[in-house]
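Before any comments, here is the structure.
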Amino acid sequence: MKRAVWFLEACLYIALSIPLAVFPLRFGEFLGSLLFYLWRSRRKIAIENIEKSGVRGQGLGVRDIAKETFRNLGRSFTEIVKIYYGIGSGIIDSVKIEGVENLDNARAKGKGILFITGHCGNWELMVAASAKLLPSSGIARKIKNPYINKFIERVRQRYGTSVIYKKGALKAVMKVLKNNESVGILMDQAVLSDEGYVIDFLGRGAWTTKMPALIARKTGAVVLPAFIHRTDKGHKITIYPEVELSAIADKEKAVIEDTKKFSGFIERYIKEHPSEWLWIHRRWKRVKS
């Protein structure tokens, strides 16, 4: 019975996504604007998060940033759907990459590369576009529907990306880095208390994963922050120079310091591109304000 439900869900997913594949990208923005008004619970979360963070910019107020966030998500989703159906080559070709020399320097060290990033811009597009420089693995949660999960997994593999699922990910990540390959971690979602530390994030304490810092210290992998944002002509990926790990003697304090430093790159991105971050996520949950 469950498999029948999953199959019907997959058929519905395909039926609803095909129009997005053929419609202009602006339709995605329209869809995002529509969701802004219809998805009240997430709109409320976004507005509250923006208000409490104090982030402003681009001449936009709190509600404007929230609405632009939904529009960006709608357009990003449309871009990814086009890529999934094999008609998004122009989207990938529009992506410019800056900081390739930082990638080359990291590869030369032979210790593997740990990319740190967040739910910024069109993060799925960043993975697909950067694979032409360096095939990599990404940590992701498995989608409950196995048919949809398999479909997305195959598309990611087609563009040179291997998927490491969160459950039992540490062993697989270690193996990838030992082979001087690369792994990307999105580290801007709230985690459980045994998975991280509460650090300052946009002026408020937030549970933040300690995994990148622990992995980097254990493997010697080079840590490179990498982000994507929209431009007038498409998208731009910026690969930053290697992040030096803390020299503090106390191991736990050093990991905390590294985690703060890594997370700081995401904060900087949000301040520079306030409408391109995932404000609809409960980033500060389980922390008393």
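Ordered as shown in the structure tokens, chains take letters A, B, and onward, while each chain numbers its residues from 1 and ligands are numbered from 1 in the order shown.
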Residues within 9 Å of Ser137 in chain A, only C-alpha atoms, excluding chain neighbours under 5 positions, as a PyMOL selection string: chain A and resi 160-164+173+176+181-184
From the DSSP assignment of the backbone, select every residue of range 255-286 of chain A that is alpha helix (DSSP H), and format the answer as a PDB file with C-alpha atoms, in the first residue's frame.
```pdb
ATOM      1  CA  VAL A 255      36.483  23.239  17.402  1.00  0.00           C
ATOM      2  CA  ILE A 256      34.111  25.909  18.699  1.00  0.00           C
ATOM      3  CA  GLU A 257      36.379  28.636  17.351  1.00  0.00           C
ATOM      4  CA  ASP A 258      36.588  26.914  13.952  1.00  0.00           C
ATOM      5  CA  THR A 259      32.812  26.537  13.850  1.00  0.00           C
ATOM      6  CA  LYS A 260      32.367  30.243  14.556  1.00  0.00           C
ATOM      7  CA  LYS A 261      34.814  31.126  11.815  1.00  0.00           C
ATOM      8  CA  PHE A 262      33.132  28.851   9.258  1.00  0.00           C
ATOM      9  CA  SER A 263      29.669  30.139  10.129  1.00  0.00           C
ATOM     10  CA  GLY A 264      30.932  33.701   9.787  1.00  0.00           C
ATOM     11  CA  PHE A 265      31.206  33.241   6.029  1.00  0.00           C
ATOM     12  CA  ILE A 266      27.498  32.451   5.864  1.00  0.00           C
ATOM     13  CA  GLU A 267      26.691  35.530   7.955  1.00  0.00           C
ATOM     14  CA  ARG A 268      28.709  37.677   5.570  1.00  0.00           C
ATOM     15  CA  TYR A 269      26.873  36.218   2.576  1.00  0.00           C
ATOM     16  CA  ILE A 270      23.475  36.937   4.138  1.00  0.00           C
ATOM     17  CA  LYS A 271      24.402  40.558   4.807  1.00  0.00           C
ATOM     18  CA  GLU A 272      25.596  40.985   1.218  1.00  0.00           C
TER      19      GLU A 272
END
```
Close residues, Val81 in chain A itself excluded, 10 Å, only C-alpha atoms, min 2 positions apart in chain, as a list in words: Ile14, Ser17, Ile18, Pro19, Leu20, Ala21, Val22, Arg75, Ser76, Phe77, Thr78, Glu79, Ile83, Tyr84, Tyr85, Gly86, Ile87 and Gly88 of chain A
Exercise: Val222 in chain A partners within 12 Å, only C-alpha atoms, chain neighbours under 6 positions left out, as a PyMOL selection string: chain A and resi 102-116+177-178+180-184+212-213+215-216+240-245
Pull C-alpha atoms from the residues just selected and write them as a PDB file, in the first residue's frame.
```pdb
ATOM      1  CA  ASN A 102      42.092  28.596  -4.387  1.00  0.00           C
ATOM      2  CA  LEU A 103      40.700  25.271  -5.550  1.00  0.00           C
ATOM      3  CA  ASP A 104      43.921  24.426  -7.395  1.00  0.00           C
ATOM      4  CA  ASN A 105      46.026  25.252  -4.329  1.00  0.00           C
ATOM      5  CA  ALA A 106      43.830  23.047  -2.167  1.00  0.00           C
ATOM      6  CA  ARG A 107      43.983  20.085  -4.541  1.00  0.00           C
ATOM      7  CA  ALA A 108      47.781  20.303  -4.642  1.00  0.00           C
ATOM      8  CA  LYS A 109      47.950  19.567  -0.907  1.00  0.00           C
ATOM      9  CA  GLY A 110      46.520  16.081  -1.479  1.00  0.00           C
ATOM     10  CA  LYS A 111      44.464  16.000   1.718  1.00  0.00           C
ATOM     11  CA  GLY A 112      40.999  16.324   0.226  1.00  0.00           C
ATOM     12  CA  ILE A 113      38.769  19.393   0.190  1.00  0.00           C
ATOM     13  CA  LEU A 114      35.912  20.237   2.533  1.00  0.00           C
ATOM     14  CA  PHE A 115      33.618  22.841   1.000  1.00  0.00           C
ATOM     15  CA  ILE A 116      31.513  24.726   3.532  1.00  0.00           C
ATOM     16  CA  LEU A 177      38.739  12.888   1.695  1.00  0.00           C
ATOM     17  CA  LYS A 178      41.359  10.156   2.100  1.00  0.00           C
ATOM     18  CA  ASN A 180      41.934  13.465  -2.110  1.00  0.00           C
ATOM     19  CA  GLU A 181      38.401  14.124  -3.319  1.00  0.00           C
ATOM     20  CA  SER A 182      35.945  16.759  -2.122  1.00  0.00           C
ATOM     21  CA  VAL A 183      32.843  16.940   0.045  1.00  0.00           C
ATOM     22  CA  GLY A 184      30.372  19.792   0.439  1.00  0.00           C
ATOM     23  CA  PRO A 212      33.083  20.375   9.463  1.00  0.00           C
ATOM     24  CA  ALA A 213      35.548  21.394  12.166  1.00  0.00           C
ATOM     25  CA  ILE A 215      36.391  16.373  10.058  1.00  0.00           C
ATOM     26  CA  ALA A 216      38.936  18.995   9.034  1.00  0.00           C
ATOM     27  CA  TYR A 240      37.331  31.625  -1.013  1.00  0.00           C
ATOM     28  CA  PRO A 241      40.910  30.943   0.139  1.00  0.00           C
ATOM     29  CA  GLU A 242      41.652  28.156   2.606  1.00  0.00           C
ATOM     30  CA  VAL A 243      40.433  28.777   6.154  1.00  0.00           C
ATOM     31  CA  GLU A 244      43.177  28.258   8.720  1.00  0.00           C
ATOM     32  CA  LEU A 245      42.078  26.183  11.711  1.00  0.00           C
TER      33      LEU A 245
END
```
Neighbour list for range 91-100 of chain A as a PyMOL selection string, cut-off 6 Å, only C-alpha atoms, skip fewer than 3 positions in-chain: chain A and resi 88+103+129+234-239
Go ahead and write the selection's residues with C-alpha atoms as an mmCIF file, in the first residue's frame.
```
data_model
loop_
_atom_site.group_PDB
_atom_site.id
_atom_site.type_symbol
_atom_site.label_atom_id
_atom_site.label_comp_id
_atom_site.auth_asym_id
_atom_site.auth_seq_id
_atom_site.Cartn_x
_atom_site.Cartn_y
_atom_site.Cartn_z
ATOM 1 C CA GLY A 88 19.089 23.483 -18.285
ATOM 2 C CA LEU A 103 40.700 25.271 -5.550
ATOM 3 C CA ALA A 129 27.934 23.890 -12.148
ATOM 4 C CA GLY A 234 23.115 34.475 -14.429
ATOM 5 C CA HIS A 235 24.999 33.286 -11.361
ATOM 6 C CA LYS A 236 28.433 33.633 -9.836
ATOM 7 C CA ILE A 237 30.222 31.108 -7.633
ATOM 8 C CA THR A 238 32.954 32.425 -5.347
ATOM 9 C CA ILE A 239 35.500 29.983 -3.916
#
```
Could you name the residues that touch Ser33 in chain A at 10 Å or less, counting only C-alpha atoms, but leaving out those on the same chain fewer than 3 positions away, as a short mmCIF file (atom, residue, chain, number, x, y, z; two decimals) with C-alpha atoms, in the first residue's frame?
```cif
data_model
loop_
_atom_site.label_atom_id
_atom_site.label_comp_id
_atom_site.auth_asym_id
_atom_site.auth_seq_id
_atom_site.Cartn_x
_atom_site.Cartn_y
_atom_site.Cartn_z
CA PHE A 27 7.12 31.78 -13.98
CA GLY A 28 9.17 30.50 -11.05
CA GLU A 29 9.29 34.00 -9.62
CA PHE A 30 5.52 34.24 -9.99
CA PHE A 36 4.58 34.13 -0.22
CA TYR A 37 0.90 34.93 0.13
CA LEU A 38 -0.42 31.36 0.44
CA ALA A 66 10.90 38.05 2.76
CA LYS A 67 8.97 38.33 -0.49
CA GLU A 68 12.16 38.41 -2.57
CA THR A 69 13.31 35.31 -0.69
CA PHE A 70 10.22 33.44 -1.86
CA ARG A 71 10.71 34.74 -5.41
CA ASN A 72 14.32 33.55 -5.40
CA LEU A 73 13.27 30.12 -4.13
CA GLY A 74 10.63 29.87 -6.86
#
```
Tyr197 in chain A environment, 9 Å, only C-alpha atoms, sequence neighbours closer than 4 positions dropped, as JSON, numbers by chain: {"A": [191, 192, 193, 206, 207, 208, 209, 210, 256, 259]}
Atom pair CA of Ile228 in chain A / CA of Ala131 in chain A: separation (Å):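 Computing the Euclidean distance for CA of Ile228 in chain A and CA of Ala131 in chain A yields 13.7 Å.
Proximity of A:Asn49, A:Thr117, A:Ser41, A:Gln58 to Ala226 in chain A, computed with only C-alpha atoms, is greatest for A:Thr117.
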Picked from range 125-193 of chain A by DSSP as strand (DSSP E), as a ChimeraX atom specification: /A:136-140,161-165,182-186
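Nearest-residue note for His229 in chain A: choosing from A:Ser130, A:Asn179, A:Ser275, A:Ser53, the minimum distance belongs to A:Ser275, counting only C-alpha atoms.
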